[in-house]
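K.L.:
run.tsv is reproduced in full below (TSV, C-alpha atoms).
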chain	number	residue	atom	x	y	z
A	1	MET	CA	296.07	79.36	0.97
A	2	ARG	CA	298.01	79.85	4.19
A	3	ARG	CA	298.59	76.80	6.30
A	4	ILE	CA	300.07	77.18	9.79
A	5	ALA	CA	300.92	73.97	11.66
A	6	GLY	CA	299.14	73.68	14.96
A	7	VAL	CA	296.29	76.06	14.09
A	8	VAL	CA	292.96	74.94	12.70
A	9	LEU	CA	292.07	76.82	9.54
A	10	ALA	CA	288.82	76.91	7.65
A	11	VAL	CA	289.19	77.80	4.00
A	12	LEU	CA	286.10	78.04	1.84
A	13	LEU	CA	286.63	76.31	-1.48
A	14	THR	CA	284.48	75.70	-4.49
A	15	GLY	CA	282.28	72.81	-3.44
A	16	GLY	CA	283.58	72.37	0.06
A	17	VAL	CA	285.31	73.49	3.18
A	18	VAL	CA	288.84	72.53	4.12
A	19	ALA	CA	289.59	72.41	7.83
A	20	ALA	CA	293.10	71.87	9.09
A	21	VAL	CA	293.43	69.39	11.90
A	22	VAL	CA	296.87	68.81	13.30
A	23	ALA	CA	297.47	65.58	15.14
A	24	GLY	CA	300.63	64.65	16.79
A	25	GLN	CA	303.77	64.89	18.78
A	26	ARG	CA	302.80	63.05	21.94
A	27	GLY	CA	305.64	61.98	24.14
A	28	GLU	CA	308.30	62.02	21.41
A	29	ASP	CA	311.88	61.17	22.29
A	30	ALA	CA	314.04	64.17	21.44
A	31	ASN	CA	316.65	61.81	19.98
A	32	THR	CA	314.18	60.04	17.69
A	33	ALA	CA	313.78	61.27	14.15
A	34	THR	CA	310.09	61.80	13.49
A	35	THR	CA	308.68	62.03	9.97
A	36	THR	CA	305.92	64.61	9.58
A	37	VAL	CA	303.38	63.67	6.92
A	38	ARG	CA	301.00	66.30	5.54
A	39	MET	CA	297.78	64.96	4.12
A	40	VAL	CA	294.34	66.01	2.93
A	41	ILE	CA	291.55	63.54	3.68
A	42	GLY	CA	287.81	63.10	3.35
A	43	SER	CA	286.00	64.40	6.44
A	44	GLU	CA	284.66	60.94	7.30
A	45	LYS	CA	288.20	59.92	8.39
A	46	ALA	CA	288.89	62.96	10.59
A	47	GLY	CA	287.86	61.13	13.75
A	48	TYR	CA	290.25	58.28	13.00
A	49	PHE	CA	293.31	60.48	12.59
A	50	ALA	CA	292.32	62.63	15.59
A	51	ASP	CA	291.96	59.57	17.84
A	52	PRO	CA	294.64	59.84	20.57
A	53	ASP	CA	295.35	56.12	20.22
A	54	VAL	CA	295.99	56.53	16.49
A	55	VAL	CA	298.22	59.54	17.17
A	56	GLU	CA	300.12	57.51	19.77
A	57	ALA	CA	300.45	54.49	17.47
A	58	LEU	CA	301.84	56.66	14.68
A	59	ALA	CA	304.21	58.41	17.07
A	60	ALA	CA	305.51	55.00	18.21
A	61	ARG	CA	306.35	54.37	14.57
A	62	ASN	CA	308.02	57.80	14.35
A	63	TYR	CA	305.27	59.54	12.39
A	64	THR	CA	303.40	62.76	13.04
A	65	VAL	CA	300.53	63.65	10.75
A	66	GLU	CA	299.13	67.06	9.83
A	67	VAL	CA	295.63	66.57	8.49
A	68	GLU	CA	293.29	68.81	6.51
A	69	THR	CA	289.80	67.73	5.48
A	70	SER	CA	288.04	68.33	2.19
A	71	GLY	CA	285.20	66.93	0.15
A	72	SER	CA	286.72	64.12	-1.89
A	73	TRP	CA	285.80	65.63	-5.24
A	74	ALA	CA	286.69	69.12	-4.04
A	75	MET	CA	290.29	67.91	-3.67
A	76	ARG	CA	290.79	68.52	-7.39
A	77	GLU	CA	290.44	72.25	-6.66
A	78	LEU	CA	293.39	72.14	-4.24
A	79	ASP	CA	297.03	72.70	-4.98
A	80	LEU	CA	298.60	69.67	-3.30
A	81	THR	CA	302.16	70.84	-3.75
A	82	GLY	CA	303.94	70.25	-0.46
A	83	TYR	CA	301.58	67.49	0.66
A	84	ASP	CA	302.67	63.91	1.17
A	85	LEU	CA	299.41	62.20	0.37
A	86	ALA	CA	295.75	62.67	-0.48
A	87	PHE	CA	293.17	60.29	0.97
A	88	PRO	CA	289.72	60.73	-0.63
A	89	GLY	CA	286.75	58.55	0.19
A	90	SER	CA	286.73	56.41	-2.95
A	91	GLN	CA	288.76	55.19	-5.87
A	92	ALA	CA	287.39	57.46	-8.61
A	93	PRO	CA	288.61	60.82	-7.22
A	94	ALA	CA	291.85	59.11	-6.17
A	95	VAL	CA	292.50	57.93	-9.73
A	96	GLU	CA	291.87	61.44	-11.01
A	97	LEU	CA	294.34	62.90	-8.51
A	98	ALA	CA	296.89	60.20	-9.33
A	99	ASP	CA	296.67	61.10	-13.03
A	100	ARG	CA	297.04	64.78	-12.27
A	101	TYR	CA	300.12	64.30	-10.09
A	102	LYS	CA	301.57	61.47	-12.19
A	103	VAL	CA	301.45	58.90	-9.40
A	104	ARG	CA	302.24	55.46	-10.84
A	105	GLY	CA	301.45	51.98	-9.60
A	106	THR	CA	298.62	50.50	-7.58
A	107	LEU	CA	296.96	52.94	-5.18
A	108	PRO	CA	296.68	51.55	-1.61
A	109	ARG	CA	293.17	50.97	-0.28
A	110	PRO	CA	293.57	50.29	3.46
A	111	PHE	CA	289.87	50.00	4.29
A	112	TYR	CA	286.39	50.47	2.90
A	113	SER	CA	282.83	51.19	3.96
A	114	PRO	CA	279.53	50.42	2.23
A	115	HIS	CA	276.92	53.14	2.07
A	116	VAL	CA	273.75	52.70	4.10
A	117	VAL	CA	270.59	54.66	4.82
A	118	MET	CA	269.95	55.89	8.35
A	119	ALA	CA	266.23	56.03	9.04
A	120	HIS	CA	264.05	57.01	11.94
A	121	ARG	CA	262.07	54.01	13.14
A	122	ASN	CA	258.67	55.34	12.08
A	123	ALA	CA	259.95	56.07	8.55
A	124	ALA	CA	261.52	52.61	8.25
A	125	GLU	CA	258.33	50.91	9.41
A	126	VAL	CA	256.24	52.86	6.90
A	127	LEU	CA	258.65	51.97	4.09
A	128	ALA	CA	258.45	48.30	5.08
A	129	ALA	CA	254.65	48.37	5.22
A	130	ASN	CA	254.57	49.73	1.67
A	131	GLY	CA	257.06	47.35	0.07
A	132	LEU	CA	259.98	49.78	-0.11
A	133	ALA	CA	261.99	48.02	2.60
A	134	THR	CA	262.16	44.91	4.76
A	135	LEU	CA	263.14	44.79	8.44
A	136	ASP	CA	265.38	42.04	9.89
A	137	THR	CA	265.43	43.41	13.44
A	138	GLU	CA	263.97	46.49	15.05
A	139	HIS	CA	267.18	48.36	14.17
A	140	ARG	CA	268.26	46.86	10.83
A	141	GLY	CA	266.76	46.14	7.45
A	142	THR	CA	267.07	46.36	3.68
A	143	LEU	CA	266.06	49.18	1.37
A	144	LYS	CA	264.59	47.95	-1.91
A	145	MET	CA	266.31	50.31	-4.31
A	146	ALA	CA	264.13	49.66	-7.36
A	147	ALA	CA	260.94	50.29	-5.36
A	148	TYR	CA	262.43	53.40	-3.76
A	149	LEU	CA	263.49	54.77	-7.16
A	150	ASP	CA	260.00	54.14	-8.54
A	151	ALA	CA	258.64	56.24	-5.68
A	152	GLY	CA	261.17	58.97	-6.47
A	153	ARG	CA	260.32	58.87	-10.17
A	154	ASP	CA	256.62	59.31	-9.33
A	155	GLY	CA	257.26	62.03	-6.74
A	156	ARG	CA	255.41	59.95	-4.16
A	157	THR	CA	254.72	61.63	-0.82
A	158	TRP	CA	254.66	60.17	2.66
A	159	GLN	CA	250.95	60.96	2.82
A	160	GLN	CA	250.37	58.60	-0.13
A	161	LEU	CA	251.87	55.69	1.81
A	162	ASP	CA	249.86	53.52	4.16
A	163	GLY	CA	250.51	53.94	7.86
A	164	THR	CA	251.73	57.54	8.02
A	165	ALA	CA	248.64	58.96	9.73
A	166	PRO	CA	250.04	58.67	13.29
A	167	TYR	CA	253.28	60.42	12.31
A	168	GLY	CA	252.80	64.09	11.70
A	169	GLU	CA	256.52	64.55	10.97
A	170	LEU	CA	256.30	62.33	7.87
A	171	ARG	CA	255.14	64.84	5.32
A	172	GLY	CA	256.17	65.85	1.81
A	173	THR	CA	258.04	63.89	-0.84
A	174	VAL	CA	259.78	60.65	0.11
A	175	PHE	CA	263.50	61.11	-0.51
A	176	ILE	CA	266.94	60.30	0.85
A	177	THR	CA	269.21	63.17	1.82
A	178	CYS	CA	272.74	62.97	0.46
A	179	THR	CA	275.66	65.37	0.20
A	180	ASN	CA	276.39	67.58	-2.79
A	181	PRO	CA	277.57	65.11	-5.49
A	182	GLU	CA	279.68	67.76	-7.20
A	183	SER	CA	282.01	68.10	-4.21
A	184	SER	CA	281.40	65.10	-1.94
A	185	ASN	CA	282.22	61.45	-2.46
A	186	SER	CA	279.16	60.10	-0.65
A	187	GLY	CA	276.76	62.17	-2.76
A	188	ALA	CA	278.47	61.06	-5.97
A	189	LEU	CA	278.27	57.41	-4.93
A	190	TYR	CA	274.56	57.81	-4.14
A	191	LEU	CA	274.13	58.74	-7.80
A	192	ALA	CA	276.33	55.80	-8.82
A	193	ALA	CA	274.10	53.31	-7.00
A	194	ALA	CA	270.84	54.91	-8.15
A	195	SER	CA	271.99	55.19	-11.77
A	196	TYR	CA	273.08	51.54	-11.85
A	197	VAL	CA	269.61	50.38	-10.82
A	198	ALA	CA	267.85	52.92	-13.07
A	199	ASN	CA	270.03	51.81	-16.01
A	200	GLY	CA	268.79	48.25	-15.79
A	201	GLY	CA	271.64	46.88	-13.71
A	202	ARG	CA	274.34	48.30	-15.96
A	203	VAL	CA	276.96	50.87	-15.06
A	204	VAL	CA	276.46	54.17	-16.90
A	205	ALA	CA	279.31	54.41	-19.39
A	206	GLY	CA	278.34	57.04	-21.97
A	207	GLU	CA	275.87	59.58	-23.28
A	208	ASP	CA	273.01	57.12	-23.71
A	209	GLY	CA	273.17	56.07	-20.06
A	210	LEU	CA	273.54	59.65	-18.89
A	211	ASP	CA	270.51	60.72	-20.92
A	212	ARG	CA	268.50	57.73	-19.71
A	213	THR	CA	269.13	58.29	-16.00
A	214	GLU	CA	269.26	62.11	-15.89
A	215	PRO	CA	265.53	62.81	-15.28
A	216	LEU	CA	265.37	60.50	-12.27
A	217	LEU	CA	268.69	61.59	-10.78
A	218	ARG	CA	267.68	65.23	-11.12
A	219	LYS	CA	264.48	64.51	-9.20
A	220	LEU	CA	266.40	62.70	-6.46
A	221	VAL	CA	268.76	65.65	-6.02
A	222	THR	CA	266.63	68.75	-6.63
A	223	VAL	CA	263.93	67.60	-4.19
A	224	GLN	CA	266.54	67.98	-1.42
A	225	GLY	CA	267.05	71.71	-1.89
A	226	ALA	CA	270.35	73.00	-0.48
A	227	GLN	CA	272.85	70.19	0.10
A	228	GLN	CA	275.70	69.87	2.58
A	229	SER	CA	279.24	69.46	1.27
A	230	SER	CA	280.28	67.15	4.12
A	231	SER	CA	278.98	63.70	5.02
A	232	ASP	CA	279.85	64.49	8.63
A	233	ALA	CA	277.40	67.40	8.64
A	234	VAL	CA	274.59	65.26	7.19
A	235	PHE	CA	275.28	62.54	9.76
A	236	ARG	CA	275.35	64.92	12.72
A	237	ASP	CA	272.13	66.63	11.62
A	238	PHE	CA	270.36	63.27	11.61
A	239	VAL	CA	271.74	62.21	15.00
A	240	SER	CA	270.66	65.54	16.51
A	241	GLY	CA	267.11	64.96	15.26
A	242	ALA	CA	267.20	67.64	12.56
A	243	GLY	CA	266.35	67.30	8.91
A	244	ASN	CA	265.07	64.45	6.78
A	245	PRO	CA	264.12	61.03	8.23
A	246	LEU	CA	266.23	59.21	5.59
A	247	VAL	CA	269.92	60.00	4.99
A	248	TRP	CA	272.66	58.39	2.90
A	249	VAL	CA	275.82	57.89	4.99
A	250	TYR	CA	278.87	55.69	5.39
A	251	GLU	CA	278.34	52.53	7.44
A	252	SER	CA	281.54	53.53	9.24
A	253	GLN	CA	279.80	56.60	10.66
A	254	VAL	CA	277.07	54.45	12.21
A	255	ALA	CA	279.61	51.92	13.49
A	256	SER	CA	281.67	54.67	15.09
A	257	LEU	CA	278.56	56.03	16.82
A	258	LEU	CA	277.80	52.59	18.24
A	259	THR	CA	281.41	52.08	19.32
A	260	ASP	CA	281.13	55.30	21.30
A	261	GLY	CA	278.41	53.62	23.34
A	262	GLN	CA	275.40	55.27	21.76
A	263	ARG	CA	272.44	53.00	20.93
A	264	PRO	CA	269.71	55.27	19.52
A	265	ASP	CA	266.39	53.54	20.01
A	266	ASP	CA	264.91	55.52	17.13
A	267	LEU	CA	267.61	54.44	14.63
A	268	VAL	CA	267.15	51.83	11.89
A	269	VAL	CA	270.03	51.09	9.52
A	270	LEU	CA	268.81	50.14	6.05
A	271	TYR	CA	271.29	48.40	3.77
A	272	PRO	CA	270.32	49.16	0.16
A	273	ASP	CA	269.98	45.91	-1.77
A	274	THR	CA	272.15	47.64	-4.36
A	275	THR	CA	274.77	49.96	-2.94
A	276	VAL	CA	278.38	50.98	-3.48
A	277	ASN	CA	281.44	50.44	-1.37
A	278	SER	CA	283.50	53.49	-0.60
A	279	ASP	CA	287.07	52.25	-1.07
A	280	HIS	CA	289.15	54.75	0.87
A	281	THR	CA	292.09	55.12	-1.50
A	282	VAL	CA	295.47	56.74	-0.82
A	283	VAL	CA	297.31	58.82	-3.41
A	284	PRO	CA	300.94	58.92	-2.20
A	285	LEU	CA	302.62	62.11	-3.41
A	286	THR	CA	306.02	61.55	-1.73
A	287	ASP	CA	308.05	58.66	-0.37
A	288	ALA	CA	306.89	59.58	3.14
A	289	GLY	CA	303.28	59.42	2.01
A	290	LYS	CA	303.86	56.05	0.37
A	291	ALA	CA	305.45	54.65	3.54
A	292	LEU	CA	302.56	55.83	5.71
A	293	ALA	CA	300.03	54.38	3.24
A	294	GLY	CA	301.80	51.04	3.61
A	295	LEU	CA	301.51	51.23	7.38
A	296	LEU	CA	297.79	52.00	7.21
A	297	SER	CA	297.31	48.93	5.01
A	298	THR	CA	299.44	46.41	6.93
A	299	ASP	CA	300.01	47.49	10.52
A	300	GLU	CA	297.75	45.37	12.74
A	301	GLU	CA	297.26	48.02	15.41
A	302	LEU	CA	296.33	50.71	12.90
A	303	ARG	CA	293.94	48.28	11.19
A	304	ARG	CA	292.37	47.44	14.56
A	305	LEU	CA	291.92	51.13	15.30
A	306	ALA	CA	290.35	51.64	11.86
A	307	VAL	CA	287.76	49.00	12.78
A	308	ARG	CA	287.07	50.92	16.00
A	309	HIS	CA	286.07	53.84	13.77
A	310	GLY	CA	283.78	51.63	11.70
A	311	PHE	CA	285.98	50.95	8.67
A	312	ARG	CA	286.16	47.45	7.19
A	313	PRO	CA	289.80	46.40	6.66
A	314	GLN	CA	290.56	45.17	3.15
A	315	GLY	CA	290.92	41.41	2.90
A	316	ASP	CA	289.41	40.56	6.28
A	317	ALA	CA	285.62	40.38	6.40
A	318	THR	CA	285.69	38.85	9.88
A	319	GLY	CA	287.77	41.79	11.11
A	320	PHE	CA	284.61	43.88	11.21
A	321	PRO	CA	282.62	42.91	14.32
A	322	SER	CA	278.87	43.22	14.40
A	323	ALA	CA	277.95	42.79	18.03
A	324	THR	CA	274.86	44.93	17.71
A	325	ALA	CA	271.46	44.57	16.13
A	326	TYR	CA	272.18	47.58	13.90
A	327	LEU	CA	274.90	46.36	11.51
A	328	LYS	CA	275.77	43.36	9.34
A	329	GLN	CA	279.12	41.64	9.60
A	330	GLU	CA	278.68	39.87	6.27
A	331	LEU	CA	277.12	41.87	3.45
A	332	THR	CA	274.89	38.98	2.38
A	333	GLY	CA	272.14	40.07	0.02
A	334	VAL	CA	273.77	43.43	-0.70
A	335	ARG	CA	274.80	43.88	-4.34
A	336	GLN	CA	277.81	46.08	-5.00
A	337	ALA	CA	277.24	48.30	-8.03
A	338	PRO	CA	280.25	49.16	-10.19
A	339	VAL	CA	281.16	52.85	-10.05
A	340	PRO	CA	281.30	54.90	-13.27
A	341	THR	CA	284.50	56.64	-14.29
A	342	SER	CA	285.28	59.97	-12.65
A	343	ALA	CA	284.40	61.80	-15.88
A	344	ILE	CA	280.97	60.12	-16.03
A	345	LEU	CA	280.33	60.73	-12.33
A	346	ARG	CA	281.22	64.39	-12.68
A	347	GLU	CA	278.87	64.82	-15.65
A	348	MET	CA	276.16	62.89	-13.81
A	349	ALA	CA	276.47	65.21	-10.82
A	350	LEU	CA	276.35	68.33	-12.99
A	351	ARG	CA	273.20	67.14	-14.73
A	352	ALA	CA	271.54	66.05	-11.49
A	353	ARG	CA	272.19	69.41	-9.90
A	354	GLY	CA	270.79	71.18	-12.94
Now, as a test, write the supplied structure out as structure tokens.

P.N.:
Amino acid sequence: MRRIAGVVLAVLLTGGVVAAVVAGQRGEDANTATTTVRMVIGSEKAGYFADPDVVEALAARNYTVEVETSGSWAMRELDLTGYDLAFPGSQAPAVELADRYKVRGTLPRPFYSPHVVMAHRNAAEVLAANGLATLDTEHRGTLKMAAYLDAGRDGRTWQQLDGTAPYGELRGTVFITCTNPESSNSGALYLAAASYVANGGRVVAGEDGLDRTEPLLRKLVTVQGAQQSSSDAVFRDFVSGAGNPLVWVYESQVASLLTDGQRPDDLVVLYPDTTVNSDHTVVPLTDAGKALAGLLSTDEELRRLAVRHGFRPQGDATGFPSATAYLKQELTGVRQAPVPTSAILREMALRARG
């Protein structure tokens, strides 16, 4: 794969697309030694590293970053020789990469984001009227995962739910759109949350659990048809009004949208009562990568800018403001499901995709 600094490249990979995004070199002093750090990241963090304020903050600390995006699980298909760090969207693919590249020690996790469901208002109201959700405000509520999974298991349609008659767009099977779990972190973590509930509140840890949850997970995935490899694509489709009325996304994507000044009247954010946190985990491959990972974890300005892009800083629940009616500051009433090992998640995704 050819990589040319300063030029955006799109390279089709198995399970995903890698796009090169180069950020940097703003107002550098010619006499100041600047460290260039090459990294591959999950697409959900592209906006953060492309933010001019982030670029400027890094430059002030004598860093320039060259960024390429990839599906978190698709990173295992890349040759990361010559890179300084990898930054997938959760711990499981990071641990796998750390094992592959013999990275020792604790992997930094600068920030995290729970997964939520974006819903159009009419869909959220119908779910609430049928016991699949509750609404706290006109723009925020809770998805009852067990009830939703029962509907998925039965192949329930919108037409079978009370209250859909006025909404001609609510037709067909009730399902949540997610990304391809074989290549994308968010899709894999959708399966992690669903499998935990379907397995009686126990993390799937072996063949018995895989066999037990496979029929339901396959229904949840195959009903979607073709799946996107990028959470950014799923998010943008929803915001543009295209596609399914229920989508599984990072809370950070919604928060970033709101920070940009958008307040969609049609949007309801449903927090699953059982979900998974996406712990954005750094795999430092060089000393330069390790140093930058430390900055992302401890530097107050970089942490503040991460919050601007909707990420929750580790160790500071109050650092995530919720000044809108769409989001929760405290995740009260939201159960965090443990995530299976990367090997189990990979097998789960393969079975779900058929």

K.L.:
Work out how far atom CA of A:Gly289 is from atom CA of A:Pro313, in Å to one decimal.

P.N.:
19.3 Å

K.L.:
Using only C-alpha atoms, find the one residue out of A:Leu132, A:Val103, A:Ala293, A:Val276 that sits nearest to A:Val334.

P.N.:
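Of the candidates, the smallest distance to A:Val334 is held by A:Val276.
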
K.L.:
Mind listing as a PyMOL selection string all residues within 6 Å of (300.2, 59.8, 2.0), counting all atoms listed in the file?

P.N.:
chain A and resi 84-86+284+289-290+292-293

K.L.:
Please save C-alpha atoms of the selected residues as a PDB file, in the frame of the given file.

P.N.:
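Written file, part-v8.pdb:
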ATOM      1  CA  ASP A  84     302.670  63.910   1.170  1.00  0.00           C
ATOM      2  CA  LEU A  85     299.410  62.200   0.370  1.00  0.00           C
ATOM      3  CA  ALA A  86     295.750  62.670  -0.480  1.00  0.00           C
ATOM      4  CA  PRO A 284     300.940  58.920  -2.200  1.00  0.00           C
ATOM      5  CA  GLY A 289     303.280  59.420   2.010  1.00  0.00           C
ATOM      6  CA  LYS A 290     303.860  56.050   0.370  1.00  0.00           C
ATOM      7  CA  LEU A 292     302.560  55.830   5.710  1.00  0.00           C
ATOM      8  CA  ALA A 293     300.030  54.380   3.240  1.00  0.00           C
TER       9      ALA A 293
END

K.L.:
Any idea what the distance is between atom CA of A:Leu257 and atom CA of A:Thr142?

P.N.:
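So the two atoms, atom CA of A:Leu257 and atom CA of A:Thr142, lie 20.0 Å apart.
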
K.L.:
Excluding A:Ile176 and residues on its chain fewer than 3 positions from it, collect all residues at most 9 Å away from it, counting all atoms listed in the file, and give them as a PDB file with C-alpha atoms, in the frame of the given file.

P.N.:
ATOM      1  CA  VAL A 117     270.590  54.660   4.820  1.00  0.00           C
ATOM      2  CA  LEU A 220     266.400  62.700  -6.460  1.00  0.00           C
ATOM      3  CA  VAL A 221     268.760  65.650  -6.020  1.00  0.00           C
ATOM      4  CA  GLN A 224     266.540  67.980  -1.420  1.00  0.00           C
ATOM      5  CA  ASN A 244     265.070  64.450   6.780  1.00  0.00           C
ATOM      6  CA  PRO A 245     264.120  61.030   8.230  1.00  0.00           C
ATOM      7  CA  LEU A 246     266.230  59.210   5.590  1.00  0.00           C
ATOM      8  CA  VAL A 247     269.920  60.000   4.990  1.00  0.00           C
ATOM      9  CA  TRP A 248     272.660  58.390   2.900  1.00  0.00           C
TER      10      TRP A 248
END

K.L.:
Would you please work out which residue, of A:Asp51, A:Glu96, A:Glu77, A:Glu214, is nearest to A:Arg351 when using all atoms listed in the file?

P.N.:
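For A:Arg351, the nearest of the candidates is A:Glu214.
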
K.L.:
Given only C-alpha atoms as the basis, pick out the residue of A:Val95, A:Val54, A:Leu80, A:Ala188 nearest to A:Asn277.

P.N.:
A:Ala188

K.L.:
One decimal, Å: what's the distance from atom CA of A:Thr298 over to atom CA of A:Thr64, could you say?

P.N.:
17.9 Å

K.L.:
Let me make sure I understand: among A:Val55, A:Ala33, A:Leu327, A:Ala92, which one has the smallest atom-to-atom distance to A:Asn185 if we use all atoms listed in the file?

P.N.:
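Of all the options, A:Ala92 lies closest to A:Asn185.
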
K.L.:
Quick one: of A:Thr137, A:Thr259, A:Ser342, A:Gln228, who's nearest to A:Lys328, counting only C-alpha atoms?

P.N.:
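Closest to A:Lys328 of all the choices is A:Thr137.
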
K.L.:
Which residue gives the smallest distance to A:Leu191 among A:Ala147, A:Leu216, A:Leu258, A:Ala205, with only C-alpha atoms counted?

P.N.:
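Looking at the shortest contact to A:Leu191, the residue is A:Leu216.
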
K.L.:
Need the shell around A:Ala226: protein/DNA/RNA residues with any atom at most 12 Å away, counting all atoms listed in the file. Skip same-chain ones fewer than 5 positions apart. Format as a list in words?

P.N.:
Thr177, Cys178, Thr179, Asn180, Pro181, Val221, Val234, Gly243 and Arg353 of chain A
